[in-house]
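Novice: Just so it is clear, I am handing over target17.txt, which has compact mmCIF, C-alpha atoms.
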```txt
# COMPACT_ATOMS: atom_id res chain seq x y z
CA MET A 1 -4.67 27.14 -6.60
CA THR A 2 -5.34 23.98 -4.60
CA ALA A 3 -4.17 20.52 -5.59
CA SER A 4 -7.69 19.61 -6.71
CA GLN A 5 -7.81 22.71 -8.96
CA ARG A 6 -4.51 22.08 -10.73
CA PRO A 7 -4.82 20.77 -14.30
CA LEU A 8 -4.20 17.04 -14.53
CA THR A 9 -0.89 16.05 -16.11
CA PRO A 10 -1.40 13.83 -19.19
CA ALA A 11 0.71 10.70 -18.80
CA ILE A 12 1.49 7.51 -20.70
CA LEU A 13 1.41 4.27 -18.73
CA VAL A 14 4.01 1.60 -19.52
CA GLY A 15 4.04 -1.98 -18.27
CA VAL A 16 6.57 -4.71 -19.01
CA ASP A 17 5.51 -8.35 -18.69
CA LEU A 18 8.54 -10.17 -17.31
CA GLY A 19 6.63 -13.41 -16.81
CA LEU A 20 5.60 -12.68 -13.22
CA PRO A 21 2.17 -14.00 -12.14
CA HIS A 22 0.81 -10.65 -10.93
CA PHE A 23 1.37 -8.66 -14.13
CA ASP A 24 -1.48 -6.19 -14.64
CA ALA A 25 -2.01 -6.37 -18.40
CA GLU A 26 -4.59 -3.56 -18.35
CA LEU A 27 -2.45 -1.35 -16.07
CA ASP A 28 -5.61 -0.59 -14.09
CA GLU A 29 -3.85 -0.17 -10.75
CA LEU A 30 -1.13 2.06 -12.23
CA GLY A 31 -3.91 4.15 -13.76
CA GLN A 32 -5.58 4.51 -10.37
CA LEU A 33 -2.26 5.48 -8.80
CA ALA A 34 -1.70 8.08 -11.53
CA GLN A 35 -5.15 9.60 -11.05
CA THR A 36 -4.70 9.68 -7.29
CA ALA A 37 -1.40 11.53 -7.80
CA GLY A 38 -3.04 14.17 -10.01
CA MET A 39 -2.40 12.78 -13.50
CA THR A 40 -4.65 11.53 -16.24
CA PRO A 41 -3.66 8.49 -18.35
CA VAL A 42 -3.92 9.32 -22.05
CA ALA A 43 -2.45 6.09 -23.42
CA ARG A 44 -1.25 2.69 -22.23
CA ILE A 45 1.39 0.42 -23.71
CA THR A 46 2.67 -2.99 -22.64
CA CYS A 47 5.33 -5.33 -23.92
CA LYS A 48 6.91 -8.67 -23.05
CA ARG A 49 10.55 -9.22 -22.21
CA ARG A 50 12.52 -12.07 -20.70
CA ALA A 51 14.55 -9.55 -18.73
CA PRO A 52 14.70 -5.74 -18.49
CA ASP A 53 17.01 -3.95 -20.90
CA ALA A 54 20.01 -2.74 -18.89
CA ALA A 55 19.97 0.73 -20.45
CA LEU A 56 16.35 1.56 -21.31
CA PHE A 57 14.39 -1.18 -19.49
CA VAL A 58 12.15 -1.66 -22.56
CA GLY A 59 14.77 -1.62 -25.31
CA SER A 60 15.42 1.05 -27.94
CA GLY A 61 12.68 -0.02 -30.35
CA LYS A 62 9.92 0.10 -27.74
CA ALA A 63 11.35 3.36 -26.38
CA ASP A 64 10.98 4.89 -29.86
CA GLU A 65 7.36 3.68 -29.95
CA ILE A 66 6.68 5.26 -26.55
CA LYS A 67 8.21 8.54 -27.76
CA MET A 68 5.95 8.63 -30.85
CA MET A 69 2.90 7.75 -28.76
CA ALA A 70 3.71 10.52 -26.26
CA ALA A 71 3.95 13.07 -29.07
CA ALA A 72 0.67 11.88 -30.62
CA HIS A 73 -1.25 12.15 -27.31
CA GLY A 74 0.44 15.24 -25.92
CA ALA A 75 1.74 13.38 -22.89
CA GLN A 76 3.90 15.31 -20.46
CA GLU A 77 5.15 12.37 -18.39
CA VAL A 78 5.81 8.64 -18.71
CA LEU A 79 4.99 6.26 -15.85
CA PHE A 80 6.38 2.73 -15.54
CA ASP A 81 4.57 0.04 -13.57
CA GLN A 82 7.90 -1.42 -12.45
CA SER A 83 10.78 0.07 -10.50
CA LEU A 84 13.53 1.62 -12.62
CA SER A 85 17.17 1.88 -11.72
CA PRO A 86 18.64 5.41 -11.56
CA ALA A 87 20.60 4.79 -14.79
CA GLN A 88 17.52 3.45 -16.64
CA GLN A 89 15.48 6.43 -15.50
CA ARG A 90 18.16 8.88 -16.65
CA ASN A 91 18.61 7.13 -20.02
CA LEU A 92 14.87 7.02 -20.66
CA GLU A 93 14.45 10.71 -19.93
CA ARG A 94 17.24 11.55 -22.39
CA HIS A 95 15.75 9.25 -25.03
CA LEU A 96 12.10 10.28 -24.60
CA GLU A 97 12.82 13.93 -23.76
CA LEU A 98 10.12 13.71 -21.09
CA PRO A 99 10.06 13.20 -17.30
CA VAL A 100 10.04 9.48 -16.50
CA ASN A 101 8.95 8.08 -13.16
CA ASP A 102 8.25 4.63 -11.80
CA ARG A 103 5.71 3.00 -9.53
CA THR A 104 7.82 3.60 -6.43
CA LEU A 105 8.03 7.37 -6.85
CA LEU A 106 4.33 7.51 -7.73
CA ILE A 107 3.43 5.87 -4.41
CA LEU A 108 5.80 8.21 -2.58
CA GLU A 109 4.15 11.23 -4.23
CA ILE A 110 0.71 10.05 -3.14
CA PHE A 111 1.91 9.45 0.40
CA ALA A 112 3.46 12.94 0.48
CA GLN A 113 0.13 14.46 -0.61
CA ARG A 114 -1.95 12.49 1.90
CA ALA A 115 0.15 12.55 5.09
CA ARG A 116 -1.51 14.72 7.72
CA SER A 117 -0.12 13.81 11.12
CA HIS A 118 3.37 14.72 12.33
CA GLU A 119 4.31 11.04 12.33
CA GLY A 120 2.97 10.44 8.84
CA LYS A 121 4.89 13.38 7.41
CA LEU A 122 8.09 12.17 9.05
CA GLN A 123 7.60 8.69 7.63
CA VAL A 124 6.98 9.99 4.11
CA GLU A 125 9.99 12.30 4.34
CA LEU A 126 12.24 9.42 5.38
CA ALA A 127 11.07 7.21 2.52
CA ARG A 128 11.46 10.07 0.04
CA LEU A 129 15.00 10.86 1.21
CA GLN A 130 15.99 7.20 1.04
CA TYR A 131 14.65 7.01 -2.51
CA LEU A 132 16.39 10.22 -3.63
CA SER A 133 19.68 9.15 -2.09
CA THR A 134 19.98 6.55 -4.86
CA ARG A 135 19.03 9.03 -7.59
CA LEU A 136 21.76 11.66 -7.22
CA VAL A 137 23.43 10.47 -10.39
CA ARG A 138 20.24 11.46 -12.19
CA ARG A 139 19.25 14.58 -10.28
CA TRP A 140 22.69 16.16 -10.63
CA SER A 141 23.48 15.08 -14.21
CA HIS A 142 23.96 18.75 -15.18
CA LEU A 143 26.86 18.96 -12.72
CA GLU A 144 28.78 15.90 -13.89
CA ARG A 145 31.22 17.91 -16.06
CA GLN A 146 34.62 18.32 -14.49
CA THR A 147 37.00 21.25 -14.94
CA GLY A 148 40.58 20.66 -15.99
CA GLY A 149 43.74 22.49 -15.05
CA ALA A 150 47.07 21.83 -13.38
CA GLY A 151 46.71 20.51 -9.85
CA VAL A 152 42.91 20.23 -10.09
CA ARG A 153 41.25 16.89 -9.36
CA GLY A 154 37.57 16.58 -10.04
CA GLY A 155 35.38 19.66 -10.34
CA PRO A 156 32.38 21.54 -8.96
CA GLY A 157 29.97 18.90 -10.22
CA GLU A 158 31.62 16.13 -8.28
CA LYS A 159 31.83 18.31 -5.18
CA GLN A 160 28.15 19.25 -5.45
CA ILE A 161 27.13 15.58 -5.65
CA GLU A 162 29.21 14.76 -2.59
CA LEU A 163 27.77 17.72 -0.70
CA ASP A 164 24.22 16.82 -1.62
CA ARG A 165 24.75 13.19 -0.66
CA ARG A 166 26.08 14.29 2.71
CA MET A 167 23.11 16.63 3.26
CA ILE A 168 20.62 13.86 2.39
CA ASN A 169 22.36 11.37 4.68
CA GLU A 170 22.28 13.90 7.53
CA SER A 171 18.57 14.53 6.88
CA ILE A 172 17.89 10.77 6.91
CA LYS A 173 19.69 10.47 10.25
CA ARG A 174 17.73 13.37 11.80
CA THR A 175 14.41 12.04 10.51
CA LYS A 176 15.12 8.57 11.88
CA GLU A 177 15.94 10.07 15.29
CA ARG A 178 12.67 11.98 15.33
CA LEU A 179 10.75 8.83 14.34
CA VAL A 180 12.37 6.95 17.21
CA LYS A 181 10.86 9.51 19.61
CA VAL A 182 7.44 9.06 18.00
CA LYS A 183 7.81 5.30 18.30
CA ARG A 184 8.56 5.65 22.03
CA GLN A 185 5.38 7.71 22.45
CA ARG A 186 3.35 4.99 20.72
CA GLN A 187 4.93 2.34 22.93
CA THR A 188 3.90 4.37 25.99
CA GLN A 189 0.34 4.54 24.69
CA ARG A 190 0.33 0.79 24.06
CA ARG A 191 1.61 0.08 27.56
CA GLN A 192 -1.23 2.18 28.96
CA ARG A 193 -3.72 0.11 26.95
CA GLU A 194 -2.10 -3.09 28.20
CA ARG A 195 -2.45 -1.92 31.81
CA ARG A 196 -6.15 -1.41 31.10
CA ASP A 197 -6.28 -5.00 29.80
CA ALA A 198 -7.29 -3.67 26.39
CA PHE A 199 -8.11 -6.03 23.55
CA ASN A 200 -6.40 -4.57 20.46
CA ILE A 201 -7.82 -5.00 16.96
CA SER A 202 -6.19 -3.62 13.82
CA LEU A 203 -7.77 -3.23 10.40
CA VAL A 204 -5.42 -4.32 7.63
CA GLY A 205 -5.91 -4.99 3.95
CA TYR A 206 -5.17 -3.98 0.40
CA THR A 207 -5.61 -0.31 -0.37
CA ASN A 208 -9.17 0.70 -1.30
CA ALA A 209 -10.68 -2.44 0.25
CA GLY A 210 -12.92 -0.28 2.45
CA LYS A 211 -11.06 -0.33 5.78
CA SER A 212 -11.81 3.28 6.70
CA THR A 213 -15.46 2.93 5.72
CA LEU A 214 -15.72 -0.13 7.99
CA PHE A 215 -13.84 1.70 10.76
CA ASN A 216 -16.28 4.63 10.58
CA ALA A 217 -19.28 2.29 10.55
CA LEU A 218 -18.11 0.44 13.66
CA VAL A 219 -16.98 3.32 15.87
CA LYS A 220 -19.00 6.21 14.35
CA ALA A 221 -15.76 8.04 13.62
CA ARG A 222 -15.15 10.54 10.86
CA ALA A 223 -11.94 9.15 9.44
CA TYR A 224 -11.42 10.14 5.81
CA ALA A 225 -12.74 7.50 3.44
CA ALA A 226 -12.96 7.63 -0.34
CA ASP A 227 -13.03 5.34 -3.36
CA GLN A 228 -9.36 5.87 -4.13
CA LEU A 229 -5.98 4.35 -3.36
CA PHE A 230 -4.32 5.27 -0.06
CA ALA A 231 -7.20 7.38 1.26
CA THR A 232 -5.86 6.75 4.78
CA LEU A 233 -2.19 7.05 5.78
CA ASP A 234 -2.25 7.92 9.45
CA THR A 235 -3.24 5.32 12.03
CA THR A 236 -6.43 6.22 13.88
CA THR A 237 -7.43 4.40 17.09
CA ARG A 238 -10.86 4.49 18.78
CA GLN A 239 -12.66 2.52 21.46
CA LEU A 240 -15.39 0.15 20.29
CA TYR A 241 -17.92 -0.97 22.91
CA LEU A 242 -19.19 -4.52 22.46
CA GLY A 243 -22.33 -4.95 24.54
CA GLU A 244 -22.44 -8.74 24.26
CA ALA A 245 -18.93 -8.98 25.70
CA GLY A 246 -19.59 -6.25 28.26
CA ARG A 247 -16.34 -4.49 27.41
CA SER A 248 -14.63 -2.09 25.04
CA VAL A 249 -11.90 -2.99 22.58
CA SER A 250 -9.30 -0.82 20.89
CA LEU A 251 -9.81 -0.57 17.12
CA SER A 252 -7.08 0.87 14.83
CA ASP A 253 -7.32 1.79 11.16
CA THR A 254 -3.95 1.45 9.39
CA VAL A 255 -2.45 2.33 6.00
CA GLY A 256 -3.44 0.06 3.14
CA PHE A 257 -1.00 -2.26 1.42
CA ILE A 258 -0.34 -2.57 -2.29
CA ARG A 259 1.51 -4.82 -4.71
CA ASP A 260 5.24 -4.12 -4.83
CA LEU A 261 5.04 -1.75 -1.87
CA PRO A 262 8.49 -0.13 -1.76
CA HIS A 263 10.64 -1.65 0.97
CA GLY A 264 11.65 1.85 1.98
CA LEU A 265 8.03 2.60 2.82
CA VAL A 266 7.66 -0.61 4.82
CA ASP A 267 10.72 0.35 6.84
CA ALA A 268 9.72 4.00 7.16
CA PHE A 269 6.19 3.15 8.28
CA GLU A 270 7.36 0.70 10.92
CA ALA A 271 6.01 2.95 13.68
CA THR A 272 2.54 3.06 12.10
CA LEU A 273 2.48 -0.63 11.19
CA GLN A 274 3.53 -1.46 14.74
CA GLU A 275 -0.16 -1.18 15.63
CA ALA A 276 -0.74 -4.28 13.50
CA VAL A 277 2.26 -6.09 15.00
CA ASP A 278 0.99 -5.53 18.56
CA ALA A 279 -2.65 -6.39 17.82
CA ASP A 280 -4.49 -9.30 19.43
CA LEU A 281 -6.61 -9.70 16.30
CA LEU A 282 -6.31 -8.52 12.69
CA LEU A 283 -9.43 -7.71 10.71
CA HIS A 284 -8.17 -8.44 7.22
CA VAL A 285 -10.51 -6.45 4.95
CA VAL A 286 -10.85 -7.73 1.36
CA ASP A 287 -12.64 -6.15 -1.60
CA ALA A 288 -14.89 -9.08 -2.49
CA SER A 289 -15.95 -7.39 -5.74
CA ASN A 290 -12.40 -7.24 -7.09
CA PRO A 291 -11.69 -10.29 -9.29
CA ASP A 292 -8.03 -10.14 -8.27
CA PHE A 293 -8.76 -10.46 -4.54
CA PRO A 294 -6.71 -13.70 -4.13
CA GLU A 295 -3.60 -11.90 -5.35
CA GLN A 296 -4.37 -8.93 -3.09
CA ILE A 297 -4.76 -11.24 -0.09
CA ALA A 298 -1.38 -12.79 -0.92
CA GLN A 299 0.26 -9.35 -1.11
CA VAL A 300 -1.15 -8.36 2.29
CA GLN A 301 0.06 -11.64 3.79
CA ASN A 302 3.54 -10.99 2.42
CA VAL A 303 3.72 -7.55 4.05
CA LEU A 304 2.33 -8.87 7.34
CA ARG A 305 5.07 -11.52 7.43
CA GLU A 306 7.65 -8.87 6.57
CA ILE A 307 6.70 -6.66 9.52
CA GLY A 308 6.43 -9.59 11.95
CA ALA A 309 2.62 -9.82 12.11
CA GLY A 310 2.21 -13.04 10.13
CA ASP A 311 1.26 -15.19 13.15
CA ILE A 312 -1.40 -12.88 14.62
CA PRO A 313 -4.94 -14.39 14.46
CA GLN A 314 -7.04 -13.01 11.63
CA LEU A 315 -10.70 -12.60 10.82
CA LEU A 316 -11.31 -12.17 7.09
CA ILE A 317 -13.85 -9.49 6.19
CA PHE A 318 -15.05 -9.78 2.59
CA ASN A 319 -16.35 -6.24 2.15
CA LYS A 320 -18.41 -4.73 -0.70
CA ALA A 321 -20.64 -7.82 -0.87
CA ASP A 322 -23.39 -5.54 -2.17
CA ALA A 323 -21.33 -4.95 -5.33
CA LEU A 324 -21.17 -8.63 -6.25
CA PRO A 325 -23.19 -9.84 -9.26
CA VAL A 326 -26.03 -12.22 -8.47
CA ASP A 327 -24.18 -15.28 -9.79
CA LYS A 328 -21.22 -14.51 -7.52
CA ALA A 329 -23.20 -13.76 -4.36
CA PRO A 330 -22.25 -16.02 -1.41
CA LEU A 331 -24.80 -18.57 -0.25
CA LEU A 332 -23.63 -18.07 3.35
CA THR A 333 -22.69 -14.84 5.09
CA GLU A 334 -20.15 -16.63 7.27
CA ASP A 335 -17.81 -19.48 6.40
CA VAL A 336 -14.15 -20.49 6.54
CA TYR A 337 -11.44 -19.51 4.06
CA ASP A 338 -8.14 -21.31 3.47
CA LEU A 339 -5.55 -18.64 4.28
CA ASP A 340 -2.03 -19.91 3.64
CA GLY A 341 -3.17 -23.42 4.55
CA VAL A 342 -4.92 -22.26 7.74
CA PRO A 343 -8.76 -22.38 7.94
CA THR A 344 -9.72 -18.81 8.85
CA PRO A 345 -13.18 -17.43 9.70
CA ARG A 346 -14.65 -15.24 6.97
CA LEU A 347 -17.60 -12.83 7.04
CA PHE A 348 -19.34 -11.23 4.07
CA LEU A 349 -20.65 -7.72 4.65
CA SER A 350 -21.03 -4.24 3.21
CA ALA A 351 -19.56 -1.44 5.30
CA ALA A 352 -21.27 1.10 3.02
CA THR A 353 -24.81 -0.25 3.50
CA GLY A 354 -24.34 -1.71 6.98
CA ALA A 355 -25.35 -5.22 5.94
CA GLY A 356 -23.55 -7.80 8.05
CA LEU A 357 -22.20 -5.37 10.67
CA GLY A 358 -24.33 -6.99 13.38
CA ALA A 359 -22.78 -10.38 12.69
CA LEU A 360 -19.31 -8.83 12.80
CA ARG A 361 -19.99 -7.22 16.19
CA HIS A 362 -21.25 -10.54 17.52
CA LYS A 363 -18.12 -12.30 16.26
CA LEU A 364 -15.84 -9.67 17.78
CA ALA A 365 -17.68 -9.92 21.10
CA ASP A 366 -17.11 -13.70 21.15
CA LEU A 367 -13.42 -13.30 20.36
CA ALA A 368 -12.92 -10.52 22.89
CA ALA A 369 -14.64 -12.55 25.61
CA THR A 370 -12.99 -15.90 24.95
CA GLY A 371 -9.66 -15.04 23.33
CA THR A 372 -8.42 -14.93 19.76
CA ASN A 373 -7.74 -18.55 18.90
CA THR A 374 -9.77 -18.48 15.69
CA GLN A 375 -8.50 -21.89 14.55
CA THR A 376 -10.88 -24.07 16.58
CA PRO A 377 -11.93 -27.68 15.89
CA GLU A 378 -15.31 -26.30 14.84
CA ASN A 379 -13.61 -24.10 12.25
CA MET A 380 -11.57 -27.03 10.99
CA LYS A 381 -14.74 -29.10 10.55
CA ALA A 382 -16.58 -26.15 9.00
CA SER A 383 -13.75 -25.77 6.50
CA ASP A 384 -14.09 -29.42 5.44
CA ASP A 385 -17.89 -29.15 5.23
CA TRP A 386 -17.62 -25.95 3.18
CA ALA A 387 -15.14 -27.50 0.74
CA GLN A 388 -17.37 -30.53 0.23
CA SER A 389 -20.62 -28.59 -0.10
CA GLY A 390 -19.74 -26.80 -3.33
CA HIS A 391 -20.97 -23.50 -1.85
CA HIS A 392 -17.96 -21.55 -2.93
CA GLN A 393 -18.77 -19.10 -5.68
CA ILE A 394 -16.11 -16.91 -4.07
CA ASN A 395 -12.99 -18.71 -2.94
```
In structure tokens, what does this structure look like?
Specialist:
Amino acid sequence: MTASQRPLTPAILVGVDLGLPHFDAELDELGQLAQTAGMTPVARITCKRRAPDAALFVGSGKADEIKMMAAAHGAQEVLFDQSLSPAQQRNLERHLELPVNDRTLLILEIFAQRARSHEGKLQVELARLQYLSTRLVRRWSHLERQTGGAGVRGGPGEKQIELDRRMINESIKRTKERLVKVKRQRQTQRRQRERRDAFNISLVGYTNAGKSTLFNALVKARAYAADQLFATLDTTTRQLYLGEAGRSVSLSDTVGFIRDLPHGLVDAFEATLQEAVDADLLLHVVDASNPDFPEQIAQVQNVLREIGAGDIPQLLIFNKADALPVDKAPLLTEDVYDLDGVPTPRLFLSAATGAGLGALRHKLADLAATGTNTQTPENMKASDDWAQSGHHQIN
């Protein structure tokens, strides 16, 4: 039975509003993550707290409510939109008598399902091992009993935990060594491109913004693209010929970002994200039809700064313009967007229909021929004109 043929696991989604600005009250993104991982949300529950409960994250009263809701809907798993500590996860499972997982593990599961290349599998394995290394107290709870007796210190449970921790640490070390070799190979490939005076462009953006669809439309590739989270994990690089510039550029499609991306994944995917760090230009793809696009842009910017790509010139691509309602449609197909206080060129297009791709090619040809300083005096003036014109249904 293939993964697509397996019955979907019914799950309850839980979100705790701790007063953070990006709280997803509808748990829409967690629901998408759950469906991508092979589960089906049967109920959703949210609550507000000033701070997480140290033992159960949500408190005993809300935990009882979740337990009753799970029984009523036949749920087989409980998913939290926030990261849980090992102790909270263990306590919740004992209280609810159901498997409990958090957003971090859910993302790891999806990455494990989607990784195809040798490098991608290594990266997922490293992130998974690093996550599990903090969960031994939970995974080996059945071995925590110690045996007594004269001259005996500890017991088989304690020894098993120590052995397992040692095995995981050794696996982490081996996986890191193998990733170092892969990173060297990528560096060799990049040096070869540099010797060819290649102009390197990387597609970045929030997951499901349409990066792979745009990549396929530009280079006529067959990279996997779907309306789901994390459709692409492995970096794909192709040559894109720009006739107006009379040259080819190197175009790379990278893994999508997401809110609260686990730091372990950022570290583990350093080799893949290095394509973005070494790029001459970033095509920052945005889902223009998503009402939360400003928050998604901010999340991408945070990750870019974290991996050392925050100062690379960007061209904002507001994709899925065809999905915008009439009253939200842009009056101009090209303008300037204030990105972290920097006026940045922005293009509206639809990778699915092809609308606006010609303008994008023209823009890329200009940048490849003249350099990547996208913050020109003309852009600065255009930003002021745009702000004063009132033509900003989408900001």
Novice: Which residues are close to stretch 9-21 of chain A, i.e. within 6 Å by all atoms listed in the file, leaving aside same-chain residues fewer than 5 positions away? Reply as a VMD selection string.
Specialist: chain A and resid 39 to 50 75 to 81
Novice: Can you tell me how far atom CA of A:Glu97 sits from atom CA of A:Arg165, in Å to one decimal?
Specialist: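 These atoms are spaced 26.0 Å apart.
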Novice: Quote the spacing between atom CA of A:Arg184 and atom CA of A:Leu364 in Å to one decimal place.
Specialist: 29.1 Å
Novice: With distances taken over all atoms listed in the file, which of A:Gly354, A:Lys328, A:Leu360, A:Asp340 is nearest to A:Leu283?
Specialist: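 Among the listed residues, A:Leu360 lies closest to A:Leu283.
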Novice: Please list as number ranges by chain every residue within 8 Å of A:Phe215, counting only C-alpha atoms and excluding residues in the same chain fewer than 3 positions away.
Specialist: A: 203, 211-212, 218-221, 223, 251-253
Novice: Which residues are near A:His22? Cut-off 12 Å, only C-alpha atoms, ignore same chain within fewer than 6 positions. Put them as a list in words.
Specialist: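 Neighbouring residues, sequence-local ones excluded: Gly15, Val16, Glu29, Asp81, Gln82, Ile258, Arg259, Asp260, Asp292, Phe293, Pro294, Glu295, Gln296, Ala298 and Gln299 of chain A.
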Novice: Please produce a file of the residues just selected, as an mmCIF file, in the coordinates of the input, where the atoms kept are C-alpha atoms.
Specialist:
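Wrote result.cif, looks like this:
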```cif
data_model
loop_
_atom_site.group_PDB
_atom_site.id
_atom_site.type_symbol
_atom_site.label_atom_id
_atom_site.label_comp_id
_atom_site.auth_asym_id
_atom_site.auth_seq_id
_atom_site.Cartn_x
_atom_site.Cartn_y
_atom_site.Cartn_z
ATOM 1 C CA GLY A 15 4.040 -1.980 -18.270
ATOM 2 C CA VAL A 16 6.570 -4.710 -19.010
ATOM 3 C CA GLU A 29 -3.850 -0.170 -10.750
ATOM 4 C CA ASP A 81 4.570 0.040 -13.570
ATOM 5 C CA GLN A 82 7.900 -1.420 -12.450
ATOM 6 C CA ILE A 258 -0.340 -2.570 -2.290
ATOM 7 C CA ARG A 259 1.510 -4.820 -4.710
ATOM 8 C CA ASP A 260 5.240 -4.120 -4.830
ATOM 9 C CA ASP A 292 -8.030 -10.140 -8.270
ATOM 10 C CA PHE A 293 -8.760 -10.460 -4.540
ATOM 11 C CA PRO A 294 -6.710 -13.700 -4.130
ATOM 12 C CA GLU A 295 -3.600 -11.900 -5.350
ATOM 13 C CA GLN A 296 -4.370 -8.930 -3.090
ATOM 14 C CA ALA A 298 -1.380 -12.790 -0.920
ATOM 15 C CA GLN A 299 0.260 -9.350 -1.110
#
```
Novice: Please provide the set of residues having any atom within 12 Å of A:Arg135, restricted to only C-alpha atoms, with same-chain residues fewer than 6 positions apart removed, written as a PDB file with C-alpha atoms, keeping the file's coordinate frame.
Specialist:
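Listing of result_27.pdb after writing:
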```pdb
ATOM      1  CA  LEU A  84      13.530   1.620 -12.620  1.00  0.00           C
ATOM      2  CA  SER A  85      17.170   1.880 -11.720  1.00  0.00           C
ATOM      3  CA  PRO A  86      18.640   5.410 -11.560  1.00  0.00           C
ATOM      4  CA  ALA A  87      20.600   4.790 -14.790  1.00  0.00           C
ATOM      5  CA  GLN A  88      17.520   3.450 -16.640  1.00  0.00           C
ATOM      6  CA  GLN A  89      15.480   6.430 -15.500  1.00  0.00           C
ATOM      7  CA  ARG A  90      18.160   8.880 -16.650  1.00  0.00           C
ATOM      8  CA  ASN A 101       8.950   8.080 -13.160  1.00  0.00           C
ATOM      9  CA  LEU A 105       8.030   7.370  -6.850  1.00  0.00           C
ATOM     10  CA  ARG A 128      11.460  10.070   0.040  1.00  0.00           C
ATOM     11  CA  LEU A 129      15.000  10.860   1.210  1.00  0.00           C
ATOM     12  CA  SER A 141      23.480  15.080 -14.210  1.00  0.00           C
ATOM     13  CA  ILE A 161      27.130  15.580  -5.650  1.00  0.00           C
ATOM     14  CA  ASP A 164      24.220  16.820  -1.620  1.00  0.00           C
ATOM     15  CA  ARG A 165      24.750  13.190  -0.660  1.00  0.00           C
ATOM     16  CA  ILE A 168      20.620  13.860   2.390  1.00  0.00           C
TER      17      ILE A 168
END
```
